[in-house]
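Participant: I'm passing along target.cif; it holds mmCIF, C-alpha atoms and all ligand atoms.
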data_coords
loop_
_atom_site.label_atom_id
_atom_site.label_comp_id
_atom_site.auth_asym_id
_atom_site.auth_seq_id
_atom_site.Cartn_x
_atom_site.Cartn_y
_atom_site.Cartn_z
CA MET A 756 -30.81 -5.15 -1.84
CA LEU A 757 -29.09 -1.87 -1.07
CA SER A 758 -27.36 -1.85 2.30
CA THR A 759 -29.18 0.47 4.71
CA THR A 760 -25.93 1.62 6.27
CA ALA A 761 -24.21 2.00 2.92
CA ALA A 762 -24.31 5.78 2.97
CA ALA A 763 -22.45 5.97 6.30
CA ALA A 764 -19.16 7.84 6.31
CA PRO A 765 -16.08 5.65 5.68
CA GLU A 766 -15.38 3.72 8.83
CA ALA A 767 -18.34 5.33 10.64
CA PRO A 768 -18.98 3.97 14.13
CA ALA A 769 -22.07 1.95 14.90
CA THR A 770 -24.39 3.98 17.10
CA THR A 771 -24.79 2.64 20.61
CA ALA A 772 -26.41 3.80 23.79
CA ALA A 773 -23.17 3.90 25.79
CA ALA A 774 -23.90 4.57 29.45
CA ALA A 775 -20.59 5.97 30.70
CA PRO A 776 -18.46 8.23 28.49
CA LEU A 777 -15.64 6.28 26.88
CA GLN A 778 -12.08 6.92 27.92
CA GLN A 779 -9.56 8.13 25.38
CA TRP A 780 -5.80 8.18 25.64
CA CYS A 781 -4.07 11.44 24.77
CA ASP A 782 -0.37 12.25 25.13
CA GLY A 783 0.17 9.75 27.92
CA LYS A 784 -3.08 10.15 29.88
CA LEU A 785 -6.45 8.44 29.86
CA ALA A 786 -9.40 10.78 30.26
CA SER A 787 -13.10 10.92 29.57
CA ALA A 788 -13.69 11.77 25.91
CA GLU A 789 -15.75 14.75 27.08
CA CYS A 790 -12.75 16.27 28.86
CA LEU A 791 -10.33 16.34 25.93
CA HIS A 792 -10.04 19.40 23.72
CA VAL A 793 -7.68 20.53 20.99
CA PRO A 794 -6.88 24.16 20.08
CA LEU A 795 -8.81 25.57 17.12
CA THR A 796 -5.51 26.55 15.50
CA SER A 797 -4.29 22.93 15.43
CA HIS A 798 -2.43 22.45 12.17
CA ALA A 799 -4.18 19.13 11.38
CA LEU A 800 -7.61 20.72 11.68
CA HIS A 801 -6.72 23.11 8.86
CA TYR A 802 -4.55 20.97 6.59
CA GLY A 803 -5.15 17.30 7.49
CA THR A 804 -1.56 16.90 8.72
CA GLY A 805 -1.91 13.67 10.62
CA VAL A 806 -1.70 9.92 10.22
CA PHE A 807 -4.15 7.43 11.66
CA GLU A 808 -4.88 3.73 11.75
CA GLY A 809 -8.06 1.69 11.76
CA ILE A 810 -7.54 -1.38 13.94
CA ARG A 811 -9.91 -3.97 15.37
CA SER A 812 -9.87 -6.04 18.49
CA TYR A 813 -12.04 -9.10 18.90
CA ALA A 814 -13.41 -11.18 21.73
CA THR A 815 -11.77 -14.60 21.65
CA ALA A 816 -12.41 -17.66 23.83
CA ASP A 817 -9.48 -16.46 25.91
CA GLY A 818 -9.99 -12.68 26.39
CA GLY A 819 -9.58 -9.86 23.89
CA ALA A 820 -7.09 -9.82 21.02
CA VAL A 821 -6.01 -7.00 18.71
CA PHE A 822 -5.64 -8.29 15.16
CA ARG A 823 -2.30 -7.62 13.41
CA LEU A 824 -1.42 -4.71 15.66
CA ASP A 825 2.26 -4.71 14.63
CA ALA A 826 1.42 -4.43 10.92
CA HIS A 827 -0.96 -1.52 11.62
CA LEU A 828 1.65 0.32 13.68
CA GLN A 829 4.34 -0.29 11.07
CA ARG A 830 2.11 1.30 8.44
CA MET A 831 1.41 4.19 10.82
CA ALA A 832 5.16 4.62 11.33
CA ARG A 833 5.59 4.93 7.54
CA GLY A 834 2.95 7.67 7.50
CA ALA A 835 4.64 9.42 10.42
CA ARG A 836 7.97 9.35 8.56
CA ALA A 837 6.30 10.84 5.47
CA LEU A 838 5.11 13.75 7.65
CA ALA A 839 8.44 13.98 9.55
CA MET A 840 6.71 13.15 12.85
CA HIS A 841 8.16 11.29 15.79
CA PHE A 842 6.22 8.07 16.41
CA ASP A 843 6.86 5.54 19.16
CA ALA A 844 5.19 2.24 18.25
CA ASP A 845 5.79 0.76 21.73
CA GLN A 846 4.06 3.73 23.33
CA ALA A 847 1.16 3.35 20.85
CA THR A 848 0.86 -0.36 21.70
CA THR A 849 0.63 0.40 25.43
CA ALA A 850 -1.86 3.22 24.78
CA ILE A 851 -4.09 0.93 22.70
CA ILE A 852 -4.16 -1.89 25.25
CA ASP A 853 -4.68 0.57 28.13
CA THR A 854 -7.58 2.21 26.30
CA LEU A 855 -9.29 -1.10 25.55
CA ARG A 856 -8.89 -2.18 29.16
CA ALA A 857 -10.14 1.16 30.52
CA ASN A 858 -13.23 0.88 28.33
CA ARG A 859 -13.71 -2.82 29.20
CA GLN A 860 -13.97 -3.62 25.50
CA ARG A 861 -13.02 -6.75 23.60
CA ASP A 862 -14.91 -6.32 20.31
CA ALA A 863 -13.94 -2.79 19.34
CA TYR A 864 -12.63 -0.51 16.65
CA VAL A 865 -9.42 1.23 17.70
CA ARG A 866 -8.40 4.56 16.25
CA PRO A 867 -4.90 5.90 16.97
CA LEU A 868 -4.15 9.30 15.47
CA LEU A 869 -0.88 11.21 15.40
CA TRP A 870 -1.36 14.84 14.40
CA TYR A 871 0.30 18.20 14.23
CA GLY A 872 -1.09 20.64 16.77
CA GLU A 873 0.20 24.04 17.74
CA GLY A 874 3.18 25.92 16.36
CA GLY A 875 1.75 28.03 13.55
CA LEU A 876 -0.34 27.71 10.41
CA GLY A 877 2.51 27.86 7.90
CA LEU A 878 3.15 24.89 5.64
CA ASP A 879 6.60 24.11 7.02
CA VAL A 880 5.98 21.40 9.62
CA ALA A 881 9.36 21.75 11.38
CA PRO A 882 8.13 24.06 14.19
CA LEU A 883 5.00 22.05 14.96
CA LYS A 884 4.25 19.97 18.03
CA SER A 885 2.75 16.54 17.44
CA HIS A 886 0.25 14.66 19.59
CA LEU A 887 -0.86 11.05 19.82
CA MET A 888 -4.34 9.92 20.78
CA VAL A 889 -6.17 6.59 20.89
CA ALA A 890 -9.94 6.12 20.90
CA SER A 891 -11.77 2.80 21.01
CA MET A 892 -15.42 2.36 20.18
CA PRO A 893 -18.06 -0.28 19.48
CA TRP A 894 -18.14 -1.15 15.81
CA SER A 895 -19.92 -3.06 13.12
CA SER A 896 -18.84 -3.17 9.48
CA HIS A 897 -19.28 0.24 7.88
CA LEU A 898 -20.53 -1.56 4.78
CA GLY A 899 -23.31 -3.01 6.91
CA GLY A 900 -22.37 -6.69 6.57
CA HIS A 901 -24.64 -6.98 3.50
CA ARG A 902 -23.77 -7.51 -0.14
CA VAL A 903 -22.72 -4.12 -1.48
CA ARG A 904 -23.62 -2.34 -4.71
CA LEU A 905 -20.51 -0.74 -6.18
CA ALA A 906 -20.28 2.12 -8.68
CA VAL A 907 -17.24 3.37 -10.58
CA SER A 908 -16.23 6.68 -9.03
CA ARG A 909 -16.20 9.76 -11.22
CA LEU A 910 -13.14 10.84 -9.24
CA ARG A 911 -9.72 9.25 -9.74
CA ARG A 912 -7.66 7.97 -6.82
CA THR A 913 -4.95 10.40 -5.75
CA PRO A 914 -1.86 8.92 -7.44
CA ALA A 915 0.83 7.67 -5.06
CA THR A 916 3.29 9.77 -7.04
CA SER A 917 1.46 12.82 -5.59
CA VAL A 918 0.52 11.59 -2.10
CA PRO A 919 1.89 8.27 -0.77
CA ALA A 920 -0.72 5.54 -0.39
CA LEU A 921 -0.75 5.68 3.41
CA LYS A 922 -3.34 6.62 6.00
CA LEU A 923 -2.55 10.35 5.93
CA CYS A 924 -5.60 12.28 7.16
CA GLY A 925 -5.88 14.82 4.33
CA ASN A 926 -5.72 12.01 1.77
CA TYR A 927 -9.18 10.86 2.86
CA ILE A 928 -10.87 13.85 1.23
CA ASN A 929 -10.48 11.87 -2.01
CA SER A 930 -12.35 8.90 -0.51
CA ILE A 931 -15.01 11.07 1.13
CA LEU A 932 -15.83 12.90 -2.11
CA ALA A 933 -16.01 9.65 -4.08
CA LYS A 934 -18.23 8.03 -1.45
CA HIS A 935 -20.55 11.04 -1.46
CA ASP A 936 -20.78 10.95 -5.25
CA VAL A 937 -21.86 7.30 -5.42
CA SER A 938 -24.10 7.50 -2.32
CA GLU A 939 -26.10 10.23 -4.03
CA ARG A 940 -26.55 7.88 -6.97
CA GLY A 941 -27.86 5.13 -4.64
CA PHE A 942 -24.73 2.95 -4.44
CA GLY A 943 -23.01 1.64 -1.32
CA GLU A 944 -19.38 2.05 -2.25
CA ALA A 945 -17.17 3.71 -4.87
CA LEU A 946 -14.59 1.94 -7.02
CA PHE A 947 -11.55 3.98 -8.02
CA LEU A 948 -9.96 3.43 -11.44
CA ASP A 949 -6.79 4.91 -12.89
CA GLY A 950 -6.53 6.67 -16.26
CA GLU A 951 -6.08 3.33 -18.11
CA GLN A 952 -9.26 1.72 -16.72
CA ASN A 953 -7.29 -0.38 -14.23
CA VAL A 954 -8.91 -1.08 -10.87
CA VAL A 955 -7.20 0.74 -7.96
CA GLU A 956 -9.27 0.19 -4.79
CA CYS A 957 -12.41 1.43 -3.04
CA THR A 958 -12.73 4.33 -0.60
CA GLY A 959 -11.75 2.20 2.40
CA GLU A 960 -11.17 -1.32 1.05
CA ASN A 961 -9.00 -3.30 -1.35
CA VAL A 962 -10.53 -5.31 -4.20
CA PHE A 963 -10.44 -9.04 -5.01
CA LEU A 964 -12.16 -11.10 -7.67
CA VAL A 965 -12.90 -14.78 -8.11
CA LYS A 966 -12.84 -16.30 -11.61
CA ASP A 967 -13.16 -20.03 -12.37
CA GLY A 968 -12.40 -20.84 -8.73
CA ARG A 969 -9.20 -18.73 -8.64
CA VAL A 970 -8.86 -15.82 -6.20
CA ILE A 971 -7.14 -12.73 -7.64
CA ALA A 972 -5.99 -9.76 -5.53
CA VAL A 973 -5.93 -6.45 -7.39
CA ALA A 974 -2.43 -4.94 -7.42
CA HIS A 975 -2.04 -1.20 -7.95
CA ASP A 976 0.64 1.25 -6.78
CA ASP A 977 -1.96 3.88 -5.86
CA ALA A 978 -3.88 1.56 -3.51
CA LEU A 979 -3.32 1.43 0.24
CA PRO A 980 -1.35 -1.73 1.09
CA GLY A 981 -4.21 -3.23 3.10
CA ILE A 982 -3.53 -5.51 6.03
CA THR A 983 -6.77 -7.46 5.48
CA ARG A 984 -5.74 -7.84 1.82
CA ASP A 985 -2.37 -9.19 2.91
CA THR A 986 -4.16 -11.57 5.31
CA LEU A 987 -6.47 -12.87 2.57
CA ILE A 988 -3.55 -13.30 0.13
CA GLU A 989 -1.77 -15.42 2.72
CA LEU A 990 -4.90 -17.46 3.50
CA THR A 991 -5.88 -18.12 -0.12
CA GLY A 992 -2.57 -18.02 -2.01
CA ALA A 993 -4.31 -15.51 -4.31
CA GLU A 994 -2.73 -14.42 -7.56
CA VAL A 995 -1.63 -10.77 -7.15
CA ARG A 996 -1.74 -8.69 -10.32
CA PRO A 997 -3.24 -5.66 -12.06
CA VAL A 998 -6.90 -6.03 -13.03
CA THR A 999 -8.90 -4.01 -15.57
CA LEU A 1000 -12.46 -2.79 -15.12
CA ALA A 1001 -13.55 -5.15 -17.93
CA GLU A 1002 -12.09 -8.10 -16.04
CA LEU A 1003 -13.89 -7.08 -12.86
CA HIS A 1004 -17.20 -6.94 -14.78
CA ALA A 1005 -16.52 -10.47 -16.11
CA ALA A 1006 -15.67 -11.94 -12.66
CA ASP A 1007 -17.72 -14.70 -11.02
CA GLU A 1008 -17.45 -12.98 -7.63
CA VAL A 1009 -16.02 -9.70 -6.36
CA PHE A 1010 -15.25 -8.94 -2.74
CA LEU A 1011 -13.66 -6.12 -0.76
CA THR A 1012 -11.32 -6.35 2.20
CA GLY A 1013 -10.63 -3.90 5.02
CA THR A 1014 -10.27 -3.81 8.76
CA SER A 1015 -13.70 -2.27 9.13
CA ALA A 1016 -15.48 -4.00 6.24
CA GLU A 1017 -13.65 -7.32 6.89
CA VAL A 1018 -14.57 -9.43 3.82
CA ALA A 1019 -17.52 -7.79 2.04
CA ALA A 1020 -19.34 -9.44 -0.87
CA ILE A 1021 -20.26 -7.32 -3.89
CA GLU A 1022 -23.77 -7.68 -5.26
CA ALA A 1023 -23.33 -5.50 -8.34
CA LEU A 1024 -20.90 -3.20 -10.12
CA ASP A 1025 -22.86 -0.45 -11.89
CA ASP A 1026 -25.24 -2.50 -14.07
CA THR A 1027 -23.37 -5.82 -13.78
CA VAL A 1028 -25.11 -8.03 -11.21
CA TYR A 1029 -23.07 -10.90 -9.78
CA GLY A 1030 -24.61 -14.25 -8.93
CA ASP A 1031 -24.17 -16.30 -5.80
CA ASN A 1032 -20.86 -15.81 -3.98
CA PRO A 1033 -19.87 -19.14 -2.40
CA VAL A 1034 -16.10 -18.49 -2.34
CA THR A 1035 -16.61 -15.10 -0.66
CA ARG A 1036 -18.91 -16.67 1.93
CA GLU A 1037 -16.30 -19.30 2.73
CA LEU A 1038 -13.60 -16.63 3.11
CA GLN A 1039 -15.85 -14.47 5.30
CA ALA A 1040 -16.36 -17.41 7.65
CA LEU A 1041 -12.64 -18.25 7.67
CA TYR A 1042 -11.67 -14.64 8.39
CA ALA A 1043 -14.25 -14.42 11.21
CA ARG A 1044 -12.70 -17.48 12.85
CA LEU A 1045 -9.13 -16.30 12.23
CA VAL A 1046 -9.53 -12.92 13.96
CA ARG A 1047 -11.12 -14.65 16.97
CA GLY A 1048 -8.17 -17.00 17.42
CA GLU A 1049 -10.01 -20.07 16.12
CA VAL A 1050 -7.60 -20.96 13.29
CA ALA A 1051 -4.42 -22.75 14.33
CA GLY A 1052 -1.09 -21.31 13.26
CA TYR A 1053 -1.92 -17.59 13.40
CA GLU A 1054 -1.38 -16.78 17.08
CA HIS A 1055 1.42 -14.39 16.04
CA TRP A 1056 -1.24 -12.12 14.49
CA LEU A 1057 -3.04 -11.66 17.80
CA THR A 1058 -1.98 -9.27 20.56
CA ARG A 1059 -3.90 -10.62 23.52
CA PHE A 1060 -4.99 -8.43 26.41
N1 LIG B 1 -7.87 1.19 1.17
C1 LIG B 1 -8.14 2.29 1.87
C2 LIG B 1 -8.18 3.60 1.18
C3 LIG B 1 -8.41 2.22 3.25
O1 LIG B 1 -8.68 3.32 3.95
C4 LIG B 1 -8.41 0.96 3.86
C5 LIG B 1 -8.74 0.85 5.33
N2 LIG B 1 -7.61 0.98 6.13
C6 LIG B 1 -8.10 -0.17 3.09
C7 LIG B 1 -7.84 -0.02 1.74
C8 LIG B 1 -8.01 -1.53 3.72
O2 LIG B 1 -6.87 -1.58 4.56
P1 LIG B 1 -6.83 -2.52 5.83
O3 LIG B 1 -7.16 -3.88 5.37
O4 LIG B 1 -5.41 -2.40 6.30
O5 LIG B 1 -7.81 -1.99 6.82
#
How does this structure look as structure tokens?
Facilitator:
Amino acid sequence: MLSTTAAAAPEAPATTAAAAPLQQWCDGKLASAECLHVPLTSHALHYGTGVFEGIRSYATADGGAVFRLDAHLQRMARGARALAMHFDADQATTAIIDTLRANRQRDAYVRPLLWYGEGGLGLDVAPLKSHLMVASMPWSSHLGGHRVRLAVSRLRRTPATSVPALKLCGNYINSILAKHDVSERGFGEALFLDGEQNVVECTGENVFLVKDGRVIAVAHDDALPGITRDTLIELTGAEVRPVTLAELHAADEVFLTGTSAEVAAIEALDDTVYGDNPVTRELQALYARLVRGEVAGYEHWLTRF
């Protein structure tokens, strides 16, 4: 069955009837989201000159915990370096925890964004002033938690030789266009290939397959180095290697990984329909316990607050 939330924008928030306006952190201060404004001539608004992260915190038996915060902030720091922006990971950590506490949230999606603001609309970023913000919001998987129908995108992934595979804001136009294309054709998510029919990734998730009981993680230079992917590789000891489209069609199971989507089972790829997905179900359950601090040996992945 087609996921009802499948056409949502990548990483779209779940709608909630929030009573009080949420607090957001911006440049050192927490304020009501309604009170924060950015100038219309902000550089990032025109050119996508920013870097963001998609992070989750979870309710555990012992308070809230942000999952793999250090890895997310390290990736954000790489994006900041690519854009020649100053980024202070310790400040971002404090901002994230303060925001979650101010909003009294444990299960939440956390969105830090570092962007270029004022200083001109030229393409030289040297004169520009950068800003850091953190928002946190209620969240459910943007793939709806159902089995997803996947279609090969008619658009190619931006090659990493043109734009590094990092969470640079402008880079997401590629994902948004691909998602729109497949949504219009009635599919829940788009699969990017390269020019040689190798699998790259999806618009906001990495790709795995299961064949004869073996778990295989798709490796491709143009794919975002996903933190959920890294987590699943560590948990399963997956083989990590390039995968062709033909191999994906012939898989027993296919699943996607991402902070927002977590571990999402694939129902079909274009006109290939997959059968039952017992390995994916097992990994979904394991991941759900892991992020909530219920699997021994992974405390170092949790930043408790
Ligand atoms: N690929 C893309 C393009 C993404 O936007 C995401 C989401 N961050 C992923 C893969 C999965 O990465 P992660 O597991 O770190 O969320």
Participant: Which residues form the shell of 6 Å around ligand LIG 1 (chain B) when you count only C-alpha atoms and all ligand atoms, given as an MDAnalysis selection string?
Facilitator: chainID A and resid 809 958:961 979 981:984 1012:1014
Participant: Nearest residue to Asp967 of chain A out of A:Glu1017, A:Thr986, A:Ala1005, A:His935, using all atoms listed in the file?
Facilitator: A:Ala1005
Participant: Report the distance between atom CA of Arg912 of chain A and atom CA of Leu987 of chain A in Å, rounded to one decimal place.
Facilitator: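 Separation between atom CA of Arg912 of chain A and atom CA of Leu987 of chain A: 22.9 Å.
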Participant: With only C-alpha atoms as the basis for distance, which of A:Ala788, A:Leu883, A:Ile852, A:Ile988 is at the shortest distance from Arg1059 of chain A?
Facilitator: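 Ranked by minimum distance to Arg1059 of chain A, first place goes to A:Ile852.
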Participant: In Å, rounded to a single decimal, give me how far atom CA of Ala786 of chain A is from atom CA of Leu855 of chain A.
Facilitator: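 The value is 12.8 Å.
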Participant: Between atom CA of Val937 of chain A and atom CA of Ile1021 of chain A, what is the distance in Å, rounded to a tenth?
Facilitator: 14.8 Å
Participant: For Glu1022 of chain A, which residue out of A:Val806, A:Ala850, A:Leu1003, A:Val903 is the nearest one, using all atoms listed in the file?
Facilitator: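 The closest residue to Glu1022 of chain A is A:Val903.
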Participant: For Leu869 of chain A, which residue among A:Glu789, A:Glu951, A:Asp853, A:Asp782 is the nearest when counting all atoms listed in the file?
Facilitator: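 Closest candidate: A:Asp782.
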Participant: Can you tell me which residues surround segment 798-802 of chain A at a distance of at most 7 Å, considering only C-alpha atoms, apart from same-chain residues fewer than 3 positions away, and format the answer as a tab-separated table (two decimals) with C-alpha atoms, in the coordinates of the input?
Facilitator:
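Everything below was put into selection-v8.tsv:
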chain	number	residue	atom	x	y	z
A	805	GLY	CA	-1.91	13.67	10.62
A	870	TRP	CA	-1.36	14.84	14.40
A	871	TYR	CA	0.30	18.20	14.23
A	872	GLY	CA	-1.09	20.64	16.77
A	873	GLU	CA	0.20	24.04	17.74
A	876	LEU	CA	-0.34	27.71	10.41
A	925	GLY	CA	-5.88	14.82	4.33
Participant: Smallest atom-to-atom distance to Pro867 of chain A: which of A:His975, A:Arg811, A:Arg1047, A:Arg940, using only C-alpha atoms?
Facilitator: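 The closest residue to Pro867 of chain A is A:Arg811.
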Participant: Measuring atom to atom with all atoms listed in the file, identify which of A:Phe842, A:Phe822, A:Tyr927, A:Phe963 is nearest to Tyr1042 of chain A.
Facilitator: A:Phe822
Participant: For Ala933 of chain A, please output as a short mmCIF file (atom, residue, chain, number, x, y, z; two decimals) with C-alpha atoms, in the coordinates of the input all residues within 12 Å (counting all atoms listed in the file; exclusion window: fewer than 5 positions along the same chain).
Facilitator:
data_model
loop_
_atom_site.label_atom_id
_atom_site.label_comp_id
_atom_site.auth_asym_id
_atom_site.auth_seq_id
_atom_site.Cartn_x
_atom_site.Cartn_y
_atom_site.Cartn_z
CA ALA A 762 -24.31 5.78 2.97
CA ALA A 764 -19.16 7.84 6.31
CA PRO A 765 -16.08 5.65 5.68
CA LEU A 905 -20.51 -0.74 -6.18
CA ALA A 906 -20.28 2.12 -8.68
CA VAL A 907 -17.24 3.37 -10.58
CA SER A 908 -16.23 6.68 -9.03
CA ARG A 909 -16.20 9.76 -11.22
CA LEU A 910 -13.14 10.84 -9.24
CA ARG A 911 -9.72 9.25 -9.74
CA ARG A 912 -7.66 7.97 -6.82
CA THR A 913 -4.95 10.40 -5.75
CA TYR A 927 -9.18 10.86 2.86
CA ILE A 928 -10.87 13.85 1.23
CA SER A 938 -24.10 7.50 -2.32
CA GLU A 939 -26.10 10.23 -4.03
CA ARG A 940 -26.55 7.88 -6.97
CA PHE A 942 -24.73 2.95 -4.44
CA GLY A 943 -23.01 1.64 -1.32
CA GLU A 944 -19.38 2.05 -2.25
CA ALA A 945 -17.17 3.71 -4.87
CA LEU A 946 -14.59 1.94 -7.02
CA PHE A 947 -11.55 3.98 -8.02
CA LEU A 948 -9.96 3.43 -11.44
CA GLU A 956 -9.27 0.19 -4.79
CA CYS A 957 -12.41 1.43 -3.04
CA THR A 958 -12.73 4.33 -0.60
CA GLY A 959 -11.75 2.20 2.40
#
Participant: I'd like the neighbourhood of Gly1048 of chain A as a list in words, where a residue qualifies if any of its atoms comes within 12 Å (using all atoms listed in the file), though same-chain residues fewer than 6 positions away should be ignored.
Facilitator: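 My reading of the contact set: Ser812, Tyr813, Ala814, Thr815, Ala816, Asp817, Gly818, Gly819, Ala820, Val821, Phe822, Arg823, Leu1041, Tyr1042, Glu1054, His1055, Trp1056, Leu1057, Thr1058 and Arg1059 of chain A.
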Participant: Generate the output file for the selected residues, C-alpha atoms, as a tab-separated table (two decimals), in the coordinates of the input.
Facilitator:
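Output file selection.tsv follows:
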chain	number	residue	atom	x	y	z
A	812	SER	CA	-9.87	-6.04	18.49
A	813	TYR	CA	-12.04	-9.10	18.90
A	814	ALA	CA	-13.41	-11.18	21.73
A	815	THR	CA	-11.77	-14.60	21.65
A	816	ALA	CA	-12.41	-17.66	23.83
A	817	ASP	CA	-9.48	-16.46	25.91
A	818	GLY	CA	-9.99	-12.68	26.39
A	819	GLY	CA	-9.58	-9.86	23.89
A	820	ALA	CA	-7.09	-9.82	21.02
A	821	VAL	CA	-6.01	-7.00	18.71
A	822	PHE	CA	-5.64	-8.29	15.16
A	823	ARG	CA	-2.30	-7.62	13.41
A	1041	LEU	CA	-12.64	-18.25	7.67
A	1042	TYR	CA	-11.67	-14.64	8.39
A	1054	GLU	CA	-1.38	-16.78	17.08
A	1055	HIS	CA	1.42	-14.39	16.04
A	1056	TRP	CA	-1.24	-12.12	14.49
A	1057	LEU	CA	-3.04	-11.66	17.80
A	1058	THR	CA	-1.98	-9.27	20.56
A	1059	ARG	CA	-3.90	-10.62	23.52
Participant: Do a neighbour search on segment 991-995 of chain A at 10 Å with all atoms listed in the file, toss out local chain neighbours closer than 5 positions, and write the hits as a short mmCIF file (atom, residue, chain, number, x, y, z; two decimals) with C-alpha atoms, in the coordinates of the input.
Facilitator:
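Written file, part-v1.cif:
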data_model
loop_
_atom_site.label_atom_id
_atom_site.label_comp_id
_atom_site.auth_asym_id
_atom_site.auth_seq_id
_atom_site.Cartn_x
_atom_site.Cartn_y
_atom_site.Cartn_z
CA PHE A 963 -10.44 -9.04 -5.01
CA LEU A 964 -12.16 -11.10 -7.67
CA VAL A 965 -12.90 -14.78 -8.11
CA ARG A 969 -9.20 -18.73 -8.64
CA VAL A 970 -8.86 -15.82 -6.20
CA ILE A 971 -7.14 -12.73 -7.64
CA ALA A 972 -5.99 -9.76 -5.53
CA VAL A 973 -5.93 -6.45 -7.39
CA ALA A 974 -2.43 -4.94 -7.42
CA HIS A 975 -2.04 -1.20 -7.95
CA ARG A 984 -5.74 -7.84 1.82
CA ASP A 985 -2.37 -9.19 2.91
CA THR A 986 -4.16 -11.57 5.31
CA LEU A 1038 -13.60 -16.63 3.11
#
Participant: What's the 7 Å shell around Ala1019 of chain A, counting only C-alpha atoms, without same-chain residues fewer than 5 positions away, as a list of chain:residue names?
Facilitator: A:Gly900, A:Arg902, A:Phe1010, A:Leu1011, A:Thr1012
Participant: Taking (7.0, -1.2, 17.4) in the file's coordinates, which residues come within 9 Å, counting only C-alpha atoms, written as a ChimeraX atom specification?
Facilitator: /A:825,828-829,832,843-848
